[in-house]
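Participant: Just so it is clear, I am handing over model-v8.txt, which has compact mmCIF, C-alpha atoms.
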# COMPACT_ATOMS: atom_id res chain seq x y z
CA MET A 11 -30.40 -6.73 15.61
CA ALA A 12 -31.85 -6.89 12.16
CA ILE A 13 -31.01 -7.56 8.56
CA ARG A 14 -31.04 -4.46 6.40
CA HIS A 15 -30.89 -3.90 2.66
CA ASP A 16 -28.92 -0.99 1.26
CA GLN A 17 -26.73 0.10 -1.62
CA GLY A 18 -23.67 2.25 -1.88
CA ILE A 19 -20.53 3.30 -3.70
CA VAL A 20 -17.34 2.07 -2.07
CA LEU A 21 -15.23 5.06 -1.01
CA ARG A 22 -12.32 3.33 0.68
CA SER A 23 -11.52 0.50 3.02
CA TYR A 24 -8.94 -0.23 5.64
CA PRO A 25 -7.67 -3.43 7.28
CA PHE A 26 -9.48 -4.49 10.41
CA GLY A 27 -8.28 -7.33 12.59
CA GLU A 28 -6.54 -10.28 10.99
CA ALA A 29 -8.37 -10.79 7.69
CA ASP A 30 -11.27 -8.34 7.76
CA ARG A 31 -11.73 -4.91 6.31
CA VAL A 32 -13.85 -1.95 7.25
CA VAL A 33 -15.44 -0.76 4.02
CA VAL A 34 -16.58 2.87 3.96
CA MET A 35 -19.43 3.49 1.54
CA LEU A 36 -21.70 6.28 0.45
CA SER A 37 -25.31 5.22 0.59
CA PRO A 38 -28.01 7.39 -0.97
CA ASN A 39 -30.28 7.08 2.06
CA LYS A 40 -27.97 6.73 5.04
CA GLY A 41 -25.01 8.85 4.00
CA LYS A 42 -21.58 7.53 4.89
CA ILE A 43 -21.76 4.00 6.22
CA ARG A 44 -19.01 1.90 7.76
CA THR A 45 -19.40 -1.82 7.29
CA VAL A 46 -17.30 -4.83 8.17
CA ALA A 47 -16.45 -7.33 5.46
CA LYS A 48 -15.30 -10.51 7.17
CA GLY A 49 -12.38 -12.37 5.69
CA VAL A 50 -12.04 -10.26 2.53
CA ARG A 51 -8.28 -10.21 2.69
CA LYS A 52 -8.16 -13.95 2.14
CA THR A 53 -7.93 -15.12 -1.47
CA LYS A 54 -10.87 -17.45 -1.01
CA SER A 55 -13.19 -14.70 0.19
CA ARG A 56 -16.61 -14.91 -1.39
CA PHE A 57 -16.79 -11.11 -1.62
CA GLY A 58 -13.66 -10.91 -3.76
CA GLY A 59 -13.35 -7.86 -5.96
CA ARG A 60 -16.85 -6.63 -5.26
CA LEU A 61 -15.79 -4.33 -2.45
CA GLU A 62 -12.98 -2.54 -4.25
CA PRO A 63 -13.15 1.27 -4.24
CA PHE A 64 -15.46 2.94 -6.82
CA THR A 65 -17.75 -0.10 -7.14
CA HIS A 66 -21.49 0.51 -6.86
CA VAL A 67 -22.91 -2.40 -4.88
CA ASP A 68 -26.13 -3.75 -3.50
CA LEU A 69 -25.77 -4.95 0.09
CA VAL A 70 -27.40 -7.09 2.68
CA LEU A 71 -26.21 -6.01 6.11
CA TYR A 72 -26.52 -7.47 9.53
CA GLU A 73 -26.84 -4.58 11.93
CA GLY A 74 -24.33 -4.60 14.73
CA ARG A 75 -23.84 -2.33 17.70
CA ASN A 76 -21.15 -0.20 16.10
CA LEU A 77 -20.54 -1.50 12.63
CA ASP A 78 -22.83 -3.41 10.32
CA THR A 79 -21.53 -6.68 8.93
CA ILE A 80 -21.87 -7.41 5.24
CA THR A 81 -23.56 -10.72 4.59
CA GLN A 82 -24.16 -10.43 0.84
CA VAL A 83 -22.84 -8.19 -1.90
CA SER A 84 -23.79 -7.97 -5.51
CA VAL A 85 -22.41 -5.51 -8.01
CA ILE A 86 -24.76 -2.98 -9.57
CA GLU A 87 -22.04 -1.25 -11.59
CA PRO A 88 -18.41 -2.42 -11.53
CA PHE A 89 -16.86 0.51 -13.48
CA PRO A 90 -14.11 -1.77 -14.84
CA LYS A 91 -12.50 0.83 -17.12
CA LEU A 92 -11.65 3.02 -14.14
CA ARG A 93 -9.07 0.46 -13.15
CA THR A 94 -7.29 0.21 -16.47
CA ASP A 95 -6.19 3.82 -16.75
CA LEU A 96 -3.97 5.64 -14.27
CA ASP A 97 -5.47 9.08 -14.96
CA ALA A 98 -8.94 7.68 -14.38
CA VAL A 99 -7.86 6.11 -11.08
CA ILE A 100 -6.53 9.46 -9.88
CA ALA A 101 -9.65 11.32 -11.03
CA ALA A 102 -11.96 8.75 -9.43
CA GLY A 103 -9.77 8.83 -6.31
CA THR A 104 -10.21 12.59 -6.09
CA MET A 105 -13.99 12.36 -6.45
CA VAL A 106 -14.26 9.64 -3.84
CA GLU A 107 -11.93 11.46 -1.47
CA ALA A 108 -13.89 14.71 -1.73
CA ALA A 109 -17.21 12.89 -1.29
CA ASP A 110 -15.78 11.08 1.72
CA ALA A 111 -14.72 14.38 3.26
CA VAL A 112 -18.14 15.98 3.03
CA ALA A 113 -20.45 13.00 3.62
CA GLN A 114 -22.01 12.63 7.06
CA GLU A 115 -23.08 9.42 8.77
CA GLU A 116 -26.78 8.79 9.29
CA GLU A 117 -27.79 11.58 6.96
CA SER A 118 -29.57 11.17 3.65
CA SER A 119 -27.26 12.19 0.84
CA MET A 120 -29.10 11.50 -2.37
CA ARG A 121 -27.66 14.52 -4.21
CA LEU A 122 -24.10 13.72 -3.22
CA PHE A 123 -24.60 10.09 -4.16
CA LEU A 124 -25.99 11.01 -7.57
CA LEU A 125 -23.17 13.46 -8.17
CA LEU A 126 -20.51 10.87 -7.37
CA HIS A 127 -22.30 8.26 -9.41
CA LYS A 128 -22.49 10.58 -12.41
CA GLY A 129 -18.86 11.53 -12.05
CA LEU A 130 -17.67 7.92 -11.98
CA ARG A 131 -19.97 7.08 -14.84
CA SER A 132 -18.54 9.77 -17.10
CA LEU A 133 -15.01 8.55 -16.31
CA GLU A 134 -16.10 5.05 -17.21
CA ALA A 135 -17.56 6.40 -20.46
CA GLY A 136 -14.17 7.83 -21.37
CA GLN A 137 -14.37 11.45 -20.22
CA ARG A 138 -10.74 12.32 -19.39
CA SER A 139 -10.81 16.10 -19.50
CA PRO A 140 -9.27 17.71 -16.39
CA ASP A 141 -12.34 19.95 -16.48
CA LEU A 142 -14.30 16.96 -15.19
CA ILE A 143 -12.62 17.31 -11.79
CA THR A 144 -13.10 21.09 -11.80
CA SER A 145 -16.77 20.70 -12.62
CA PHE A 146 -17.17 17.92 -10.05
CA LEU A 147 -15.61 19.99 -7.27
CA LEU A 148 -17.77 23.03 -8.06
CA LYS A 149 -20.91 20.90 -8.01
CA LEU A 150 -19.78 19.20 -4.81
CA ALA A 151 -19.45 22.62 -3.17
CA ASP A 152 -22.99 23.39 -4.30
CA VAL A 153 -24.35 20.11 -2.91
CA VAL A 154 -22.90 20.80 0.54
CA GLY A 155 -24.14 24.37 0.50
CA VAL A 156 -20.98 26.39 -0.14
CA ALA A 157 -21.33 27.02 -3.87
CA PRO A 158 -18.95 29.83 -4.84
CA ALA A 159 -20.46 33.03 -6.23
CA LEU A 160 -19.46 33.10 -9.91
CA VAL A 161 -21.81 35.49 -11.68
CA ASP A 162 -21.98 38.33 -9.17
CA CYS A 163 -19.68 39.72 -6.51
CA ALA A 164 -19.72 37.56 -3.38
CA SER A 165 -19.57 40.64 -1.25
CA CYS A 166 -21.77 43.34 -2.86
CA GLY A 167 -23.61 41.56 -5.66
CA ARG A 168 -22.33 43.70 -8.53
CA VAL A 169 -22.16 41.87 -11.83
CA ASP A 170 -19.28 43.66 -13.56
CA ASP A 171 -15.54 44.10 -12.92
CA LEU A 172 -15.30 40.66 -11.35
CA HIS A 173 -11.53 40.20 -11.51
CA ARG A 174 -10.61 38.52 -8.25
CA PHE A 175 -11.46 35.35 -6.39
CA SER A 176 -11.68 35.23 -2.62
CA PHE A 177 -11.52 31.76 -1.05
CA ALA A 178 -12.62 32.99 2.35
CA GLY A 179 -15.15 35.39 0.84
CA GLY A 180 -16.94 32.63 -1.05
CA GLY A 181 -16.36 33.39 -4.72
CA VAL A 182 -15.53 36.10 -7.21
CA ILE A 183 -15.42 39.67 -5.98
CA CYS A 184 -15.48 42.97 -7.84
CA ASP A 185 -12.69 45.53 -7.97
CA ARG A 186 -14.34 47.69 -5.32
CA CYS A 187 -14.63 44.94 -2.74
CA ARG A 188 -11.17 43.42 -3.09
CA GLY A 189 -10.79 41.39 0.08
CA GLU A 190 -7.68 40.05 1.71
CA GLY A 191 -6.08 36.92 0.29
CA ALA A 192 -8.04 37.27 -2.95
CA VAL A 193 -6.24 36.18 -6.13
CA ARG A 194 -6.38 37.98 -9.43
CA LEU A 195 -8.10 36.02 -12.17
CA ARG A 196 -7.05 35.63 -15.78
CA SER A 197 -9.63 37.13 -18.10
CA GLY A 198 -12.36 34.70 -19.07
CA ILE A 199 -11.94 32.43 -16.08
CA THR A 200 -14.98 33.63 -14.15
CA GLU A 201 -17.22 32.81 -17.09
CA TYR A 202 -15.49 29.48 -17.57
CA LEU A 203 -15.94 28.46 -13.92
CA ALA A 204 -19.60 29.47 -14.11
CA ALA A 205 -20.03 27.34 -17.23
CA LEU A 206 -18.34 24.34 -15.59
CA SER A 207 -20.46 24.62 -12.47
CA THR A 208 -23.58 23.78 -14.46
CA ALA A 209 -22.21 21.82 -17.45
CA ASP A 210 -23.08 18.20 -18.07
CA PHE A 211 -20.04 15.97 -17.35
CA MET A 212 -20.17 14.49 -20.82
CA GLU A 213 -20.52 17.87 -22.56
CA LEU A 214 -17.90 20.04 -20.92
CA PRO A 215 -17.24 23.30 -22.79
CA GLY A 216 -13.46 22.94 -23.17
CA THR A 217 -10.87 25.71 -23.38
CA SER A 218 -7.13 26.35 -23.53
CA ASP A 219 -4.85 24.31 -21.25
CA VAL A 220 -3.81 27.42 -19.36
CA LEU A 221 -7.35 28.45 -18.56
CA ALA A 222 -8.38 24.89 -17.68
CA GLY A 223 -5.37 24.56 -15.38
CA GLU A 224 -6.15 27.79 -13.58
CA ALA A 225 -9.85 26.92 -13.27
CA MET A 226 -8.93 23.57 -11.70
CA GLY A 227 -6.54 25.35 -9.33
CA ILE A 228 -9.26 27.75 -8.18
CA ALA A 229 -11.87 25.01 -7.70
CA ARG A 230 -9.40 22.82 -5.87
CA ARG A 231 -8.18 25.56 -3.55
CA PHE A 232 -11.75 26.63 -2.88
CA VAL A 233 -12.87 23.13 -1.91
CA GLU A 234 -9.70 22.55 0.11
CA TYR A 235 -10.29 25.82 1.94
CA HIS A 236 -13.83 24.83 2.90
CA LEU A 237 -12.96 21.23 3.77
CA ASP A 238 -9.99 22.48 5.73
CA ARG A 239 -7.83 19.71 4.29
CA LYS A 240 -5.79 18.93 1.19
CA LEU A 241 -7.03 16.63 -1.55
CA VAL A 242 -4.18 14.14 -1.51
CA SER A 243 -5.27 12.21 -4.62
CA LEU A 244 -4.59 15.21 -6.82
CA ALA A 245 -1.24 15.87 -5.18
CA VAL A 246 0.02 12.34 -5.77
CA MET A 247 1.38 12.78 -9.26
CA GLU A 248 2.78 16.28 -8.80
CA MET B 15 -3.22 -6.41 37.30
CA PHE B 16 -0.39 -8.85 37.86
CA GLU B 17 3.07 -8.40 39.36
CA GLY B 18 5.04 -5.71 37.50
CA PRO B 19 7.19 -7.78 35.10
CA VAL B 20 4.34 -10.15 34.22
CA GLN B 21 1.97 -7.29 33.44
CA ARG B 22 4.69 -5.62 31.40
CA LEU B 23 5.08 -8.69 29.22
CA ILE B 24 1.30 -9.01 28.85
CA ASP B 25 1.06 -5.39 27.72
CA GLU B 26 3.86 -5.87 25.20
CA LEU B 27 2.35 -9.08 23.80
CA ALA B 28 -1.08 -7.49 23.55
CA ARG B 29 0.37 -4.94 21.14
CA LEU B 30 1.14 -7.65 18.59
CA PRO B 31 -1.25 -8.09 15.65
CA GLY B 32 -4.16 -10.43 16.35
CA ILE B 33 -3.41 -10.76 20.06
CA GLY B 34 -5.75 -9.34 22.67
CA GLN B 35 -5.44 -9.08 26.45
CA LYS B 36 -6.68 -12.62 27.03
CA SER B 37 -4.30 -14.31 24.57
CA ALA B 38 -1.46 -12.14 25.85
CA GLN B 39 -2.15 -13.37 29.36
CA ARG B 40 -2.14 -16.98 28.24
CA LEU B 41 1.16 -16.54 26.38
CA ALA B 42 2.78 -14.71 29.28
CA PHE B 43 1.89 -17.41 31.81
CA HIS B 44 2.96 -20.10 29.36
CA LEU B 45 6.37 -18.45 29.11
CA LEU B 46 6.53 -18.31 32.91
CA LEU B 47 5.88 -22.04 33.23
CA VAL B 48 8.10 -23.48 30.45
CA GLU B 49 11.80 -24.27 30.86
CA GLU B 50 13.79 -21.11 31.35
CA ALA B 51 15.96 -21.96 28.33
CA ASP B 52 12.93 -22.03 26.06
CA ALA B 53 11.83 -18.59 27.14
CA ARG B 54 15.36 -17.20 26.80
CA ARG B 55 15.65 -18.65 23.31
CA LEU B 56 12.55 -16.73 22.26
CA ALA B 57 13.91 -13.52 23.72
CA ALA B 58 17.25 -14.08 21.98
CA ALA B 59 15.55 -14.83 18.66
CA ILE B 60 13.74 -11.51 18.78
CA GLY B 61 16.91 -9.66 19.68
CA ASP B 62 19.00 -11.41 17.01
CA MET B 63 16.46 -10.68 14.32
CA ARG B 64 16.50 -6.99 15.11
CA ASP B 65 20.30 -6.91 15.33
CA GLN B 66 21.18 -8.95 12.28
CA ILE B 67 18.47 -8.33 9.73
CA SER B 68 18.52 -5.31 7.50
CA LEU B 69 17.20 -4.57 4.02
CA CYS B 70 19.01 -5.92 0.96
CA GLU B 71 20.90 -3.10 -0.77
CA ARG B 72 19.81 -4.34 -4.16
CA CYS B 73 16.20 -5.49 -3.88
CA PHE B 74 15.11 -4.37 -0.37
CA ASN B 75 14.17 -7.86 0.70
CA VAL B 76 15.10 -8.69 4.30
CA ALA B 77 18.75 -9.71 4.40
CA ALA B 78 21.28 -11.00 6.90
CA ALA B 79 24.16 -9.43 4.94
CA ASP B 80 24.48 -6.43 2.60
CA GLU B 81 22.53 -8.38 0.02
CA CYS B 82 19.81 -11.00 0.51
CA SER B 83 20.35 -14.67 -0.25
CA ILE B 84 18.33 -14.46 -3.47
CA CYS B 85 20.43 -11.62 -4.89
CA LEU B 86 23.63 -13.44 -3.86
CA ASP B 87 22.54 -16.67 -5.56
CA GLY B 88 24.51 -16.82 -8.84
CA ARG B 89 22.18 -19.36 -10.43
CA ARG B 90 19.32 -16.90 -10.49
CA ASP B 91 18.21 -15.43 -13.81
CA GLN B 92 19.38 -11.82 -13.63
CA SER B 93 17.39 -10.63 -16.62
CA MET B 94 14.06 -11.08 -14.85
CA VAL B 95 12.80 -9.13 -11.88
CA CYS B 96 9.58 -9.78 -10.02
CA VAL B 97 8.28 -6.55 -8.48
CA VAL B 98 6.36 -6.96 -5.22
CA GLU B 99 4.85 -4.64 -2.62
CA ARG B 100 6.32 -6.16 0.56
CA PRO B 101 9.12 -8.55 1.51
CA GLN B 102 6.51 -11.11 2.65
CA ASP B 103 5.28 -11.35 -0.93
CA ILE B 104 8.66 -12.73 -2.04
CA ILE B 105 8.13 -15.84 0.07
CA VAL B 106 4.73 -16.36 -1.51
CA VAL B 107 6.19 -16.28 -5.01
CA GLU B 108 9.18 -18.39 -3.97
CA ARG B 109 6.93 -21.15 -2.62
CA THR B 110 5.50 -21.72 -6.09
CA GLN B 111 8.95 -22.93 -7.22
CA GLU B 112 8.04 -21.59 -10.66
CA TYR B 113 10.21 -18.50 -10.61
CA ARG B 114 14.00 -18.33 -10.92
CA GLY B 115 14.61 -14.61 -11.31
CA ARG B 116 15.35 -11.85 -8.83
CA TYR B 117 13.01 -9.51 -6.96
CA HIS B 118 12.42 -5.87 -6.17
CA VAL B 119 10.42 -4.70 -3.15
CA LEU B 120 8.60 -1.40 -3.75
CA GLY B 121 7.60 -0.86 -0.15
CA GLY B 122 3.88 -0.47 -0.91
CA ALA B 123 1.60 0.43 -3.79
CA LEU B 124 0.48 3.67 -5.40
CA SER B 125 -2.59 4.89 -3.61
CA PRO B 126 -4.00 8.25 -4.67
CA ILE B 127 -6.67 8.02 -1.96
CA ASN B 128 -4.06 7.64 0.75
CA GLY B 129 -1.69 10.14 -0.79
CA ILE B 130 1.03 7.58 -1.64
CA GLY B 131 2.70 8.67 -4.85
CA PRO B 132 5.63 7.36 -6.90
CA GLY B 133 8.04 9.38 -4.74
CA GLN B 134 7.36 7.19 -1.72
CA LEU B 135 8.01 3.92 -3.55
CA ARG B 136 11.32 2.48 -4.76
CA PHE B 137 10.92 3.11 -8.48
CA GLU B 138 14.13 5.12 -8.86
CA GLU B 139 16.11 2.33 -7.21
CA LEU B 140 14.59 -0.11 -9.69
CA LYS B 141 15.46 2.16 -12.60
CA SER B 142 19.07 2.28 -11.54
CA ARG B 143 19.17 -1.53 -11.55
CA LEU B 144 18.00 -1.91 -15.15
CA GLU B 145 21.24 -1.35 -16.99
CA PRO B 146 23.91 -2.81 -14.70
CA GLU B 147 21.95 -6.05 -14.29
CA GLY B 148 20.75 -6.24 -17.91
CA ILE B 149 17.11 -6.56 -16.86
CA ALA B 150 14.85 -7.48 -19.78
CA GLU B 151 11.54 -8.17 -18.06
CA LEU B 152 9.70 -6.84 -15.04
CA ILE B 153 6.93 -9.00 -13.68
CA VAL B 154 4.57 -6.85 -11.65
CA ALA B 155 3.23 -8.96 -8.78
CA THR B 156 1.36 -6.29 -6.85
CA ASN B 157 -2.01 -7.14 -5.30
CA PRO B 158 -5.02 -7.23 -7.65
CA THR B 159 -6.54 -4.18 -5.93
CA ILE B 160 -7.10 -0.63 -7.19
CA GLU B 161 -3.75 0.32 -5.65
CA GLY B 162 -1.91 -2.66 -7.10
CA ASP B 163 -3.43 -2.10 -10.52
CA ALA B 164 -2.54 1.59 -10.43
CA THR B 165 1.05 0.62 -9.58
CA ALA B 166 1.17 -1.79 -12.51
CA MET B 167 -0.17 0.85 -14.90
CA TYR B 168 2.32 3.39 -13.67
CA MET B 169 5.16 0.91 -14.15
CA ALA B 170 4.05 0.12 -17.68
CA ARG B 171 4.08 3.83 -18.45
CA GLU B 172 7.47 4.49 -16.88
CA PHE B 173 9.43 1.39 -17.77
CA LYS B 174 8.23 0.30 -21.20
CA PRO B 175 9.80 3.36 -22.89
CA LEU B 176 13.13 2.24 -21.38
CA GLY B 177 12.98 -0.90 -23.49
CA VAL B 178 11.98 -3.32 -20.75
CA ARG B 179 9.18 -5.83 -21.07
CA VAL B 180 6.58 -5.21 -18.36
CA SER B 181 4.15 -8.00 -17.53
CA ARG B 182 1.53 -8.47 -14.84
CA LEU B 183 0.48 -11.56 -12.91
CA ALA B 184 -2.72 -12.92 -14.41
CA SER B 185 -5.81 -12.70 -12.31
CA GLY B 186 -8.63 -15.17 -12.44
CA LEU B 187 -10.33 -17.96 -10.57
CA PRO B 188 -8.77 -19.45 -7.46
CA VAL B 189 -7.91 -23.15 -7.69
CA GLY B 190 -10.55 -25.16 -5.85
CA GLY B 191 -13.04 -22.31 -6.02
CA ASP B 192 -16.61 -22.32 -7.21
CA LEU B 193 -17.59 -20.35 -10.32
CA ASP B 194 -20.86 -19.51 -8.63
CA TYR B 195 -19.15 -17.52 -5.92
CA ALA B 196 -16.72 -15.60 -8.09
CA ASP B 197 -17.42 -11.91 -8.67
CA GLU B 198 -18.03 -10.28 -12.05
CA LEU B 199 -14.72 -8.45 -12.11
CA THR B 200 -12.70 -11.59 -11.47
CA ILE B 201 -14.61 -13.69 -14.01
CA GLY B 202 -14.29 -10.85 -16.52
CA ARG B 203 -10.54 -10.82 -16.08
CA ALA B 204 -10.35 -14.60 -16.18
CA LEU B 205 -12.10 -14.46 -19.57
CA ILE B 206 -9.70 -11.85 -20.91
CA GLY B 207 -6.69 -13.80 -19.65
CA ARG B 208 -7.95 -17.26 -20.70
CA THR B 209 -5.39 -19.71 -22.00
CA GLU B 210 -5.69 -22.03 -24.96
CA LEU B 211 -5.69 -25.73 -24.20
Just give me the structure of the file as structure tokens.
Facilitator:
Amino acid sequence: MAIRHDQGIVLRSYPFGEADRVVVMLSPNKGKIRTVAKGVRKTKSRFGGRLEPFTHVDLVLYEGRNLDTITQVSVIEPFPKLRTDLDAVIAAGTMVEAADAVAQEEESSMRLFLLLHKGLRSLEAGQRSPDLITSFLLKLADVVGVAPALVDCASCGRVDDLHRFSFAGGGVICDRCRGEGAVRLRSGITEYLAALSTADFMELPGTSDVLAGEAMGIARRFVEYHLDRKLVSLAVME
Amino acid sequence: MFEGPVQRLIDELARLPGIGQKSAQRLAFHLLLVEEADARRLAAAIGDMRDQISLCERCFNVAAADECSICLDGRRDQSMVCVVERPQDIIVVERTQEYRGRYHVLGGALSPINGIGPGQLRFEELKSRLEPEGIAELIVATNPTIEGDATAMYMAREFKPLGVRVSRLASGLPVGGDLDYADELTIGRALIGRTEL
């Protein structure tokens, strides 16, 4: 058994035993890691608020047989503003939930880590556009290898008459290929999704509320289809 | 494996929080060796609790009647309500002997990550208490976690427009603690919430 150094973003934690918690984190090198924080539920715990969700921490871990035990934590980035705004908490919750769903244990996940880190950082910097979530989900799909086709037909590769979106088919499809379960898209949405899938989080293009709402709906349904589960954070306030 | 009834008790005890097979065994054999009356009293206490205790109709604290003893106490300040996550939290606040108002138990905290939204908590019940009881201030005493903070923010957004003062328990350094061991977030909040001497 050895001492190991690592870092990670706290995804979630759940009670374990009497006063402990299992803290699930996303580490850039080791993917999803499960660690035990002893005694954190007591007020006098020396870890205190460091292991709250969304915090980016530096860790010293004692390797155990199943779970590693945290022996030291220091905060790299606390993201304090995320906690003072309900919309930010929900947005950050969605990001963390989606990252949690796709992350694998014992698998390097630098791109996913950087994506999550960037997402949380732009929330902290005040980005509150709903497009942030849409953009995040599209990029997340790309990172895990299921990026939706947005500039050419997912089925035949044609670049015009792209008026429908097929969740099972993997993106937009042209009028000739119309697959089953495909939804009709409002005009302009294909281009908007394509723009969001590459836009910088702090410089999102912006559009009408209707278009933004529909874009978010498509991205969300697409990710939910491929994860085979609902994103509960987004559903909470509905 | 022990004789049927003994093993049954061990299995039941082992399901309690913080009790494993070994402790369950020790407790079971202890109960076998003590006076029969002592063991029966324990069994009766468990039964009575389940029979007689229900949730207070007003604040959802545990109660032996329709309303809990705090709600029934006429000397309590009715204009102030301390909002907590669980009934256990009421005892914690009560022990301070600093609070003379009533309570409201939400039954948890908002948790987007776990899919717990406002619909699953007792916000509507609290809203319907505002006018009849003349409530002027809500003290949010949820845990200082992401979930507790989210709950507090939601309450500020929902209840302030109704003309109620919404306040939050301060967070800061634990009494008897060491500044060296406190985390950045806690010290940051302690600074924001500092009091003048």
Participant: List as a Markdown table every residue of chain B that is in contact with chain A, defined as an atom at most 12 Å from one of its atoms (using only C-alpha atoms), together with the nearest atom pair and the distance in Å rounded to one decimal, sorted by chain and then rising number.
Facilitator:
| residue | atom | partner | partner_atom | distance |
| --- | --- | --- | --- | --- |
| B:Leu30 | CA | A:Glu28 | CA | 11.1 |
| B:Pro31 | CA | A:Glu28 | CA | 7.4 |
| B:Gly32 | CA | A:Glu28 | CA | 5.9 |
| B:Ile33 | CA | A:Gly27 | CA | 9.6 |
| B:Gly34 | CA | A:Gly27 | CA | 10.6 |
| B:Leu124 | CA | A:Val246 | CA | 8.7 |
| B:Ser125 | CA | A:Ser243 | CA | 7.9 |
| B:Pro126 | CA | A:Ser243 | CA | 4.2 |
| B:Ile127 | CA | A:Ser243 | CA | 5.2 |
| B:Asn128 | CA | A:Val242 | CA | 6.9 |
| B:Gly129 | CA | A:Val242 | CA | 4.8 |
| B:Ile130 | CA | A:Val246 | CA | 6.4 |
| B:Gly131 | CA | A:Val246 | CA | 4.6 |
| B:Pro132 | CA | A:Met247 | CA | 7.3 |
| B:Gly133 | CA | A:Val246 | CA | 8.6 |
| B:Gln134 | CA | A:Val246 | CA | 9.8 |
| B:Leu135 | CA | A:Val246 | CA | 11.8 |
| B:Asn157 | CA | A:Arg51 | CA | 10.6 |
| B:Pro158 | CA | A:Gly59 | CA | 8.5 |
| B:Thr159 | CA | A:Glu62 | CA | 6.9 |
| B:Ile160 | CA | A:Arg93 | CA | 6.4 |
| B:Glu161 | CA | A:Val99 | CA | 8.9 |
| B:Gly162 | CA | A:Arg93 | CA | 9.9 |
| B:Asp163 | CA | A:Arg93 | CA | 6.7 |
| B:Ala164 | CA | A:Leu96 | CA | 5.8 |
| B:Thr165 | CA | A:Leu96 | CA | 8.5 |
| B:Ala166 | CA | A:Leu96 | CA | 9.2 |
| B:Met167 | CA | A:Leu96 | CA | 6.1 |
| B:Tyr168 | CA | A:Leu96 | CA | 6.7 |
| B:Met169 | CA | A:Leu96 | CA | 10.3 |
| B:Ala170 | CA | A:Leu96 | CA | 10.3 |
| B:Arg171 | CA | A:Leu96 | CA | 9.2 |
| B:Glu172 | CA | A:Leu96 | CA | 11.8 |
| B:Ser185 | CA | A:Gly59 | CA | 11.0 |
| B:Gly186 | CA | A:Gly59 | CA | 10.8 |
| B:Leu187 | CA | A:Lys54 | CA | 9.6 |
| B:Pro188 | CA | A:Lys54 | CA | 7.1 |
| B:Val189 | CA | A:Lys54 | CA | 9.3 |
| B:Gly190 | CA | A:Lys54 | CA | 9.1 |
| B:Gly191 | CA | A:Lys54 | CA | 7.3 |
| B:Asp192 | CA | A:Arg56 | CA | 9.4 |
| B:Leu193 | CA | A:Arg56 | CA | 10.5 |
| B:Asp194 | CA | A:Arg56 | CA | 9.6 |
| B:Tyr195 | CA | A:Arg56 | CA | 5.8 |
| B:Ala196 | CA | A:Arg56 | CA | 6.7 |
| B:Asp197 | CA | A:Gly58 | CA | 6.3 |
| B:Glu198 | CA | A:Val85 | CA | 7.6 |
| B:Leu199 | CA | A:Gly59 | CA | 6.3 |
| B:Thr200 | CA | A:Gly59 | CA | 6.7 |
| B:Ile201 | CA | A:Gly59 | CA | 10.0 |
| B:Gly202 | CA | A:Pro90 | CA | 9.2 |
| B:Arg203 | CA | A:Pro90 | CA | 9.8 |
Participant: Report, in Å to a single decimal, how far apart atom CA of Arg136 of chain B and atom CA of Gly121 of chain B are.
Facilitator: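 Atom CA of Arg136 of chain B lies at a distance of 6.8 Å from atom CA of Gly121 of chain B.
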Participant: Counting all atoms listed in the file, what is within 10 Å of Leu69 of chain A, bar same-chain residues fewer than 6 positions away, as an NGL selection string?
Facilitator: :A and (14-18 or 79-86)
Participant: List as number ranges by chain the protein and nucleic acid residues near Ile149 of chain B, meaning an atom at most 12 Å away when only C-alpha atoms are counted, but skip any in the same chain fewer than 2 places from it.
Facilitator: B: 91-96, 115-118, 140-147, 151-153, 173, 176-180
Participant: Do a neighbour search on Cys73 of chain B at 9 Å with only C-alpha atoms, toss out local chain neighbours closer than 2 positions, and write the hits as a PyMOL selection string.
Facilitator: chain B and resi 69-71+75-76+81-82+85+116-120+139-140
Participant: Output C-alpha atoms for every residue in the selection just made, as a JSON list (two decimals), keeping the file's coordinate frame.
Facilitator:
[["chain", "number", "residue", "atom", "x", "y", "z"],
["B", 69, "LEU", "CA", 17.20, -4.57, 4.02],
["B", 70, "CYS", "CA", 19.01, -5.92, 0.96],
["B", 71, "GLU", "CA", 20.90, -3.10, -0.77],
["B", 75, "ASN", "CA", 14.17, -7.86, 0.70],
["B", 76, "VAL", "CA", 15.10, -8.69, 4.30],
["B", 81, "GLU", "CA", 22.53, -8.38, 0.02],
["B", 82, "CYS", "CA", 19.81, -11.00, 0.51],
["B", 85, "CYS", "CA", 20.43, -11.62, -4.89],
["B", 116, "ARG", "CA", 15.35, -11.85, -8.83],
["B", 117, "TYR", "CA", 13.01, -9.51, -6.96],
["B", 118, "HIS", "CA", 12.42, -5.87, -6.17],
["B", 119, "VAL", "CA", 10.42, -4.70, -3.15],
["B", 120, "LEU", "CA", 8.60, -1.40, -3.75],
["B", 139, "GLU", "CA", 16.11, 2.33, -7.21],
["B", 140, "LEU", "CA", 14.59, -0.11, -9.69]]
Participant: What's the 8 Å shell around Ala79 of chain B, counting only C-alpha atoms, without same-chain residues fewer than 5 positions away, as a short mmCIF file (atom, residue, chain, number, x, y, z; two decimals) with C-alpha atoms, in the frame of the given file?
Facilitator:
data_model
loop_
_atom_site.label_atom_id
_atom_site.label_comp_id
_atom_site.auth_asym_id
_atom_site.auth_seq_id
_atom_site.Cartn_x
_atom_site.Cartn_y
_atom_site.Cartn_z
CA GLN B 66 21.18 -8.95 12.28
CA ILE B 67 18.47 -8.33 9.73
CA SER B 68 18.52 -5.31 7.50
CA CYS B 70 19.01 -5.92 0.96
#
